[in-house]
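Report on one structure; see the data block that follows.
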Amino acid sequence: MSVTSTSTCPCNSQLNYGDCCEPYHLDLKIPDTPEQLMRSRFCAYALKKASYVYKTYAQEKQAENPVKEIKEFADSCRFVKLTVNDTHYDAHKGYVEFKANYFYQNLYCELNEKSDFVKENSQWRYLDGVINPVADIKVGRNDNCPCGSGKKYKKCHSL
Ligand SMILES: [Zn+2]
Ligand SMILES: [Zn+2]
């Protein structure tokens, strides 16, 4: 996936990338809310910006999430969309409930998670999350693409 400042942001905010997640990825701005951080992390996965995903983990979680593993996961998936269902935060911590859809090989997957965020050195960081398991959907080449484009999978998100 490639984007420019004037393309629609991959986090599905309906904003342009340049007015949404790009300033965070370029270190020009710091997310004000857990939702902004969460969106910018999803967007970084979609754009294979593994080092951004890494550095926005809470410090205590960085060692167990090396950049290499983040990169391998991001490279193996085609990210489709993010839906934020609920979020709440105070001065020190917060959560975001969301659904992230992506393809892994010929599976359509949904990550349904309630993520916890903490503030470290005045910046929001992702701590961990509770996943609500959702069964993967196996997609055939002639099936309608589960992304909702109305096209057949082989003409849309197929490898
Ligand atoms: Zn965005
Ligand atoms: Zn598709």
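The way I read the labels, and the way they are meant: chains A, B, ... in the order of the structure tokens, residue 1 as the first residue of every chain, and ligand 1 as the first ligand shown, with later ones counted on from there.
For ligand 1, the set of protein, DNA and RNA residues within 9 Å, based on only C-alpha atoms and all ligand atoms, reads Thr8, Cys9, Pro10, Cys11, Asn12, Ser13, Gln14, Leu15, Asn16, Tyr17, Gly18, Asp19, Cys20, Cys21, Glu22, Gln36, Arg39, Ser40, Arg41, Phe42 and Cys43 of chain A.
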Residues within 8 Å of Pro34 of chain A, only C-alpha atoms, excluding chain neighbours under 4 positions, as an mmCIF file with N, CA and C atoms, in the first residue's frame:
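Generated output (around11.cif):
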```cif
data_model
loop_
_atom_site.group_PDB
_atom_site.id
_atom_site.type_symbol
_atom_site.label_atom_id
_atom_site.label_comp_id
_atom_site.auth_asym_id
_atom_site.auth_seq_id
_atom_site.Cartn_x
_atom_site.Cartn_y
_atom_site.Cartn_z
ATOM 1 N N MET A 38 -3.825 4.870 18.579
ATOM 2 C CA MET A 38 -4.253 3.579 18.054
ATOM 3 C C MET A 38 -4.389 3.635 16.538
ATOM 4 N N THR A 87 -14.078 4.345 23.168
ATOM 5 C CA THR A 87 -12.814 4.779 23.749
ATOM 6 C C THR A 87 -13.094 5.667 24.940
ATOM 7 N N TYR A 89 -10.670 7.841 28.219
ATOM 8 C CA TYR A 89 -9.351 8.043 28.832
ATOM 9 C C TYR A 89 -9.426 9.143 29.878
ATOM 10 N N GLY A 94 -6.041 4.957 29.398
ATOM 11 C CA GLY A 94 -7.267 4.934 28.619
ATOM 12 C C GLY A 94 -7.387 3.627 27.862
ATOM 13 N N TYR A 95 -8.502 3.446 27.184
ATOM 14 C CA TYR A 95 -8.669 2.244 26.357
ATOM 15 C C TYR A 95 -9.348 2.606 25.049
ATOM 16 N N VAL A 96 -9.190 1.700 24.084
ATOM 17 C CA VAL A 96 -9.879 1.811 22.797
ATOM 18 C C VAL A 96 -10.380 0.421 22.440
ATOM 19 N N PHE A 117 -4.010 1.759 27.098
ATOM 20 C CA PHE A 117 -2.969 2.745 26.810
ATOM 21 C C PHE A 117 -2.557 3.443 28.100
ATOM 22 N N TRP A 124 1.203 9.140 24.884
ATOM 23 C CA TRP A 124 0.416 7.909 24.945
ATOM 24 C C TRP A 124 1.199 6.743 24.355
ATOM 25 N N ARG A 125 1.090 5.592 25.040
ATOM 26 C CA ARG A 125 1.755 4.369 24.582
ATOM 27 C C ARG A 125 0.788 3.206 24.719
#
```
List every residue of chain A that has an atom at most 12 Å from any atom of ligand 2, giving for each one its closest atom pair and the distance in Å to one decimal, counting only C-alpha atoms and all ligand atoms, sorted by chain and then by ascending residue number, as CSV.
```
residue,atom,partner,partner_atom_place_in_ligand_line,distance
A:Arg78,CA,ligand 2,1 (Zn),9.6
A:Phe79,CA,ligand 2,1 (Zn),10.0
A:Val80,CA,ligand 2,1 (Zn),7.7
A:Lys81,CA,ligand 2,1 (Zn),10.5
A:Asn101,CA,ligand 2,1 (Zn),11.0
A:Tyr102,CA,ligand 2,1 (Zn),9.8
A:Phe103,CA,ligand 2,1 (Zn),9.1
A:Asn106,CA,ligand 2,1 (Zn),11.5
A:Leu107,CA,ligand 2,1 (Zn),11.8
A:Tyr108,CA,ligand 2,1 (Zn),9.8
A:Val139,CA,ligand 2,1 (Zn),10.6
A:Arg141,CA,ligand 2,1 (Zn),11.1
A:Asn142,CA,ligand 2,1 (Zn),11.8
A:Asp143,CA,ligand 2,1 (Zn),10.3
A:Asn144,CA,ligand 2,1 (Zn),8.1
A:Cys145,CA,ligand 2,1 (Zn),4.6
A:Pro146,CA,ligand 2,1 (Zn),6.1
A:Cys147,CA,ligand 2,1 (Zn),4.4
A:Gly148,CA,ligand 2,1 (Zn),6.5
A:Ser149,CA,ligand 2,1 (Zn),5.6
A:Gly150,CA,ligand 2,1 (Zn),7.9
A:Lys151,CA,ligand 2,1 (Zn),6.8
A:Lys152,CA,ligand 2,1 (Zn),7.6
A:Tyr153,CA,ligand 2,1 (Zn),5.9
A:Lys154,CA,ligand 2,1 (Zn),8.6
A:Lys155,CA,ligand 2,1 (Zn),7.8
A:Cys156,CA,ligand 2,1 (Zn),4.4
A:His157,CA,ligand 2,1 (Zn),4.2
A:Ser158,CA,ligand 2,1 (Zn),7.5
A:Leu159,CA,ligand 2,1 (Zn),10.6
```
Counting only C-alpha atoms, which of A:Ala44, A:Ala91, A:Leu127, A:Cys77 gets nearest to Tyr104 of chain A?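 When distances to Tyr104 of chain A are compared using only C-alpha atoms, the smallest one comes from A:Cys77.
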Go through segment 96-120 of chain A residue by residue and, counting only C-alpha atoms, keep those with an atom at most 10 Å from segment 51-60 of chain A; for each kept residue give the shortest atom pair and its distance in Å to one decimal, ordered by chain and increasing number, as a tab-separated table.
```
residue	atom	partner	partner_atom	distance
A:Phe117	CA	A:Ala58	CA	8.1
A:Val118	CA	A:Ala58	CA	7.3
A:Lys119	CA	A:Ala58	CA	8.4
A:Glu120	CA	A:Ala58	CA	7.4
```
For the structure I just gave you, how does DSSP split chain A - specifically, which residues are strand (DSSP E)? Reply as a VMD selection string. chain A and resid 77 to 89 93 to 104 107 to 120 123 to 131 137 to 138
Any chance you could export the current selection's N, CA and C atoms as a compact mmCIF listing (two decimals), in the first residue's frame?
```txt
# COMPACT_ATOMS: atom_id res chain seq x y z
N CYS A 77 0.59 -9.37 5.94
CA CYS A 77 -0.85 -9.04 5.94
C CYS A 77 -1.17 -7.95 4.93
N ARG A 78 -2.43 -7.99 4.44
CA ARG A 78 -2.96 -6.85 3.68
C ARG A 78 -4.04 -6.24 4.56
N PHE A 79 -3.80 -5.06 5.05
CA PHE A 79 -4.72 -4.43 5.99
C PHE A 79 -5.88 -3.77 5.25
N VAL A 80 -7.07 -3.94 5.75
CA VAL A 80 -8.27 -3.47 5.04
C VAL A 80 -8.91 -2.29 5.74
N LYS A 81 -9.27 -2.45 6.99
CA LYS A 81 -9.94 -1.33 7.64
C LYS A 81 -9.90 -1.42 9.15
N LEU A 82 -10.11 -0.26 9.73
CA LEU A 82 -10.15 -0.11 11.18
C LEU A 82 -11.50 0.49 11.56
N THR A 83 -12.12 -0.08 12.59
CA THR A 83 -13.36 0.49 13.11
C THR A 83 -13.18 0.68 14.61
N VAL A 84 -13.27 1.91 15.06
CA VAL A 84 -13.17 2.19 16.50
C VAL A 84 -14.58 2.20 17.07
N ASN A 85 -14.83 1.34 18.05
CA ASN A 85 -16.18 1.22 18.60
C ASN A 85 -16.38 2.00 19.90
N ASP A 86 -15.33 2.14 20.68
CA ASP A 86 -15.50 2.83 21.95
C ASP A 86 -14.12 3.25 22.45
N THR A 87 -14.08 4.35 23.17
CA THR A 87 -12.81 4.78 23.75
C THR A 87 -13.09 5.67 24.94
N HIS A 88 -12.18 5.63 25.89
CA HIS A 88 -12.32 6.46 27.08
C HIS A 88 -10.92 6.66 27.66
N TYR A 89 -10.67 7.84 28.22
CA TYR A 89 -9.35 8.04 28.83
C TYR A 89 -9.43 9.14 29.88
N LYS A 93 -4.35 7.12 31.79
CA LYS A 93 -4.56 5.86 31.06
C LYS A 93 -5.88 5.92 30.31
N GLY A 94 -6.04 4.96 29.40
CA GLY A 94 -7.27 4.93 28.62
C GLY A 94 -7.39 3.63 27.86
N TYR A 95 -8.50 3.45 27.18
CA TYR A 95 -8.67 2.24 26.36
C TYR A 95 -9.35 2.61 25.05
N VAL A 96 -9.19 1.70 24.08
CA VAL A 96 -9.88 1.81 22.80
C VAL A 96 -10.38 0.42 22.44
N GLU A 97 -11.66 0.33 22.13
CA GLU A 97 -12.21 -0.93 21.60
C GLU A 97 -12.33 -0.78 20.10
N PHE A 98 -11.78 -1.74 19.38
CA PHE A 98 -11.77 -1.59 17.92
C PHE A 98 -11.82 -2.95 17.23
N LYS A 99 -12.08 -2.89 15.93
CA LYS A 99 -11.97 -4.04 15.04
C LYS A 99 -11.00 -3.66 13.94
N ALA A 100 -10.04 -4.51 13.69
CA ALA A 100 -9.12 -4.30 12.57
C ALA A 100 -9.25 -5.50 11.64
N ASN A 101 -9.52 -5.23 10.38
CA ASN A 101 -9.66 -6.31 9.40
C ASN A 101 -8.48 -6.35 8.46
N TYR A 102 -8.02 -7.57 8.19
CA TYR A 102 -6.89 -7.73 7.29
C TYR A 102 -6.93 -9.12 6.67
N PHE A 103 -6.22 -9.27 5.58
CA PHE A 103 -6.05 -10.58 4.96
C PHE A 103 -4.69 -11.14 5.34
N TYR A 104 -4.70 -12.42 5.69
CA TYR A 104 -3.45 -13.16 5.88
C TYR A 104 -3.55 -14.38 4.97
N LEU A 107 -6.98 -15.92 4.06
CA LEU A 107 -7.91 -15.79 5.19
C LEU A 107 -8.25 -14.33 5.42
N TYR A 108 -9.52 -14.08 5.67
CA TYR A 108 -9.96 -12.74 6.06
C TYR A 108 -10.07 -12.76 7.58
N CYS A 109 -9.31 -11.91 8.23
CA CYS A 109 -9.17 -11.97 9.69
C CYS A 109 -9.70 -10.69 10.33
N GLU A 110 -10.16 -10.88 11.54
CA GLU A 110 -10.59 -9.72 12.31
C GLU A 110 -9.93 -9.75 13.68
N LEU A 111 -9.24 -8.69 13.99
CA LEU A 111 -8.70 -8.51 15.34
C LEU A 111 -9.71 -7.63 16.08
N ASN A 112 -10.33 -8.23 17.09
CA ASN A 112 -11.35 -7.52 17.87
C ASN A 112 -10.76 -7.38 19.26
N GLU A 113 -10.37 -6.17 19.62
CA GLU A 113 -9.57 -6.01 20.82
C GLU A 113 -9.98 -4.78 21.62
N LYS A 114 -9.83 -4.92 22.94
CA LYS A 114 -9.90 -3.76 23.81
C LYS A 114 -8.48 -3.50 24.27
N SER A 115 -7.92 -2.39 23.80
CA SER A 115 -6.51 -2.08 24.06
C SER A 115 -6.38 -1.09 25.20
N ASP A 116 -5.37 -1.31 26.02
CA ASP A 116 -5.07 -0.38 27.11
C ASP A 116 -3.88 0.49 26.76
N PHE A 117 -4.01 1.76 27.10
CA PHE A 117 -2.97 2.74 26.81
C PHE A 117 -2.56 3.44 28.10
N VAL A 118 -1.29 3.80 28.18
CA VAL A 118 -0.79 4.54 29.34
C VAL A 118 0.00 5.74 28.85
N LYS A 119 0.09 6.73 29.71
CA LYS A 119 0.90 7.89 29.37
C LYS A 119 2.28 7.73 30.00
N GLU A 120 3.31 7.82 29.16
CA GLU A 120 4.70 7.75 29.62
C GLU A 120 5.42 8.99 29.11
N GLN A 123 3.49 11.08 26.79
CA GLN A 123 3.06 10.56 25.49
C GLN A 123 2.27 9.26 25.68
N TRP A 124 1.20 9.14 24.88
CA TRP A 124 0.42 7.91 24.95
C TRP A 124 1.20 6.74 24.36
N ARG A 125 1.09 5.59 25.04
CA ARG A 125 1.75 4.37 24.58
C ARG A 125 0.79 3.21 24.72
N TYR A 126 0.94 2.24 23.81
CA TYR A 126 0.11 1.03 23.86
C TYR A 126 0.70 0.05 24.87
N LEU A 127 -0.12 -0.37 25.83
CA LEU A 127 0.35 -1.30 26.86
C LEU A 127 0.04 -2.74 26.46
N ASP A 128 -1.20 -3.11 26.45
CA ASP A 128 -1.60 -4.44 25.97
C ASP A 128 -3.10 -4.44 25.74
N GLY A 129 -3.63 -5.62 25.42
CA GLY A 129 -5.05 -5.65 25.09
C GLY A 129 -5.66 -7.00 25.37
N VAL A 130 -6.98 -7.02 25.44
CA VAL A 130 -7.73 -8.25 25.58
C VAL A 130 -8.43 -8.51 24.24
N ILE A 131 -8.12 -9.70 23.68
CA ILE A 131 -8.65 -10.02 22.36
C ILE A 131 -9.91 -10.86 22.50
N ILE A 137 -12.09 -16.18 8.10
CA ILE A 137 -12.92 -16.63 6.98
C ILE A 137 -11.99 -16.99 5.82
N LYS A 138 -12.12 -18.24 5.35
CA LYS A 138 -11.31 -18.65 4.20
C LYS A 138 -11.99 -18.11 2.93
```
Could you please write out, as an MDAnalysis selection string, every residue of chain A that DSSP assigns to helix (DSSP H, G or I)? chainID A and resid 17:19 22:25 34:46 50:55 59:62 67:76 153:155
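Between atom CA of Asp27 of chain A and atom CA of Ser76 of chain A the separation is 25.8 Å.
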Nearest-residue call for Asn121 of chain A, choices A:Ile30, A:Ala46, A:Lys61, A:Lys71, using only C-alpha atoms: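 Smallest distance to Asn121 of chain A is found for A:Ile30.
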Give me, please, the distance in Å between atom CA of Ser5 of chain A and atom CA of Pro23 of chain A, quoted to one decimal. 9.5 Å
